[in-house]
Amino acid sequence: MTEAACTCCDRGQLVLDGTFGLCTSRLLVWIALGVDNGGRGVPVATTLFFSPTGSRFTHVGYDTTILTELLGEWKKWLGSRGGEPFTPHVAITDTDFKARGALLRV
């Protein structure tokens, strides 16, 4: 997935979306996709969160700060190529303000 992220997303497009309440364990799944040269979506990262115990709603298990830290660590992990840090030129998500805020910060 690291190679796919660097090939498909660096200086390209990154698509990020989360799914809430995936199972009875109240699992949150974040998936990042890139687009290959053929125009097909390529998974480049998958992240799992568990909603905190006692939360009535699954989506309260994350916030902009958590996503910012996660995306920042992922960006550091991907490193740089040719002296340039990993930098998608376009990031797409839905209307989730938490994800949008994290993308803007990172």
# chains A, B, ... in the order shown; residues from 1 in each chain; ligands from 1
$ residues_around --residues "A:Ile92" --least-positions-apart "3" --cutoff "7 Å" --atoms "only C-alpha atoms" --output "count of residues only"
3
$ residues_around --residues "A:Ala99" --least-positions-apart "2" --cutoff "12 Å" --atoms "only C-alpha atoms" --output "MDAnalysis selection string"
chainID A and resid 15:18 30:32 59 62:71 91:97 101:106
$ atom_distance --atom1 "atom CA of A:Arg40" --atom2 "atom CA of A:Ala5"
13.4 Å
$ closest_residue --among "A:Cys9, A:Met1, A:Leu28, A:Leu33" --to "A:Phe50" --atoms "only C-alpha atoms"
A:Leu28
$ atom_distance --atom1 "atom CA of A:Ser80" --atom2 "atom CA of A:Phe49"
27.0 Å
$ select_by_dssp --residues "stretch 3-102 of chain A" --states "alpha helix (DSSP H)" --output "ChimeraX atom specification"
/A:3-8,64-78,97-102
$ residues_around --residues "stretch 83-88 of chain A" --least-positions-apart "2" --cutoff "8 Å" --atoms "only C-alpha atoms" --output "ChimeraX atom specification"
/A:6,9-14,75,78-81,90-91
$ write_last_selection --atoms "N, CA, C and O atoms" --output "PDB file, in the first residue's frame"
ATOM      1  N   CYS A   6       2.396   6.215  -2.879  1.00  0.00           N
ATOM      2  CA  CYS A   6       3.395   7.087  -3.494  1.00  0.00           C
ATOM      3  C   CYS A   6       3.204   7.182  -5.003  1.00  0.00           C
ATOM      4  O   CYS A   6       3.406   8.235  -5.600  1.00  0.00           O
ATOM      5  N   CYS A   9      -1.006   8.689  -5.391  1.00  0.00           N
ATOM      6  CA  CYS A   9      -1.500   9.880  -4.686  1.00  0.00           C
ATOM      7  C   CYS A   9      -0.506  11.033  -4.635  1.00  0.00           C
ATOM      8  O   CYS A   9      -0.919  12.181  -4.548  1.00  0.00           O
ATOM      9  N   ASP A  10       0.792  10.716  -4.635  1.00  0.00           N
ATOM     10  CA  ASP A  10       1.775  11.791  -4.531  1.00  0.00           C
ATOM     11  C   ASP A  10       1.691  12.663  -5.782  1.00  0.00           C
ATOM     12  O   ASP A  10       1.813  12.180  -6.896  1.00  0.00           O
ATOM     13  N   ARG A  11       1.439  13.946  -5.577  1.00  0.00           N
ATOM     14  CA  ARG A  11       1.230  14.909  -6.658  1.00  0.00           C
ATOM     15  C   ARG A  11      -0.007  14.552  -7.476  1.00  0.00           C
ATOM     16  O   ARG A  11      -0.135  14.919  -8.626  1.00  0.00           O
ATOM     17  N   GLY A  12      -0.919  13.812  -6.851  1.00  0.00           N
ATOM     18  CA  GLY A  12      -2.139  13.379  -7.525  1.00  0.00           C
ATOM     19  C   GLY A  12      -3.348  13.537  -6.632  1.00  0.00           C
ATOM     20  O   GLY A  12      -3.432  14.460  -5.836  1.00  0.00           O
ATOM     21  N   GLN A  13      -4.264  12.601  -6.729  1.00  0.00           N
ATOM     22  CA  GLN A  13      -5.536  12.670  -6.033  1.00  0.00           C
ATOM     23  C   GLN A  13      -5.610  11.649  -4.897  1.00  0.00           C
ATOM     24  O   GLN A  13      -5.218  10.506  -5.068  1.00  0.00           O
ATOM     25  N   LEU A  14      -6.132  12.079  -3.757  1.00  0.00           N
ATOM     26  CA  LEU A  14      -6.374  11.221  -2.603  1.00  0.00           C
ATOM     27  C   LEU A  14      -7.853  11.301  -2.262  1.00  0.00           C
ATOM     28  O   LEU A  14      -8.410  12.395  -2.165  1.00  0.00           O
ATOM     29  N   LYS A  75       1.617  10.481   6.569  1.00  0.00           N
ATOM     30  CA  LYS A  75       2.439  11.290   5.667  1.00  0.00           C
ATOM     31  C   LYS A  75       3.924  11.135   6.005  1.00  0.00           C
ATOM     32  O   LYS A  75       4.766  10.990   5.117  1.00  0.00           O
ATOM     33  N   LEU A  78       5.197   7.770   4.809  1.00  0.00           N
ATOM     34  CA  LEU A  78       5.428   7.728   3.366  1.00  0.00           C
ATOM     35  C   LEU A  78       6.713   8.445   2.973  1.00  0.00           C
ATOM     36  O   LEU A  78       7.298   8.141   1.939  1.00  0.00           O
ATOM     37  N   GLY A  79       7.158   9.378   3.801  1.00  0.00           N
ATOM     38  CA  GLY A  79       8.441  10.039   3.584  1.00  0.00           C
ATOM     39  C   GLY A  79       8.463  10.950   2.375  1.00  0.00           C
ATOM     40  O   GLY A  79       7.476  11.605   2.047  1.00  0.00           O
ATOM     41  N   SER A  80       9.601  10.958   1.703  1.00  0.00           N
ATOM     42  CA  SER A  80       9.763  11.828   0.549  1.00  0.00           C
ATOM     43  C   SER A  80      10.420  11.066  -0.593  1.00  0.00           C
ATOM     44  O   SER A  80      11.049  10.034  -0.388  1.00  0.00           O
ATOM     45  N   ARG A  81      10.250  11.589  -1.758  1.00  0.00           N
ATOM     46  CA  ARG A  81      10.868  11.034  -2.965  1.00  0.00           C
ATOM     47  C   ARG A  81      11.511  12.177  -3.717  1.00  0.00           C
ATOM     48  O   ARG A  81      10.879  13.206  -3.957  1.00  0.00           O
ATOM     49  N   VAL A  90      -4.781  17.008  -4.701  1.00  0.00           N
ATOM     50  CA  VAL A  90      -6.221  17.088  -4.517  1.00  0.00           C
ATOM     51  C   VAL A  90      -6.622  16.040  -3.489  1.00  0.00           C
ATOM     52  O   VAL A  90      -6.192  14.897  -3.566  1.00  0.00           O
ATOM     53  N   ALA A  91      -7.429  16.445  -2.511  1.00  0.00           N
ATOM     54  CA  ALA A  91      -7.965  15.506  -1.530  1.00  0.00           C
ATOM     55  C   ALA A  91      -9.483  15.618  -1.552  1.00  0.00           C
ATOM     56  O   ALA A  91     -10.025  16.721  -1.460  1.00  0.00           O
TER      57      ALA A  91
END
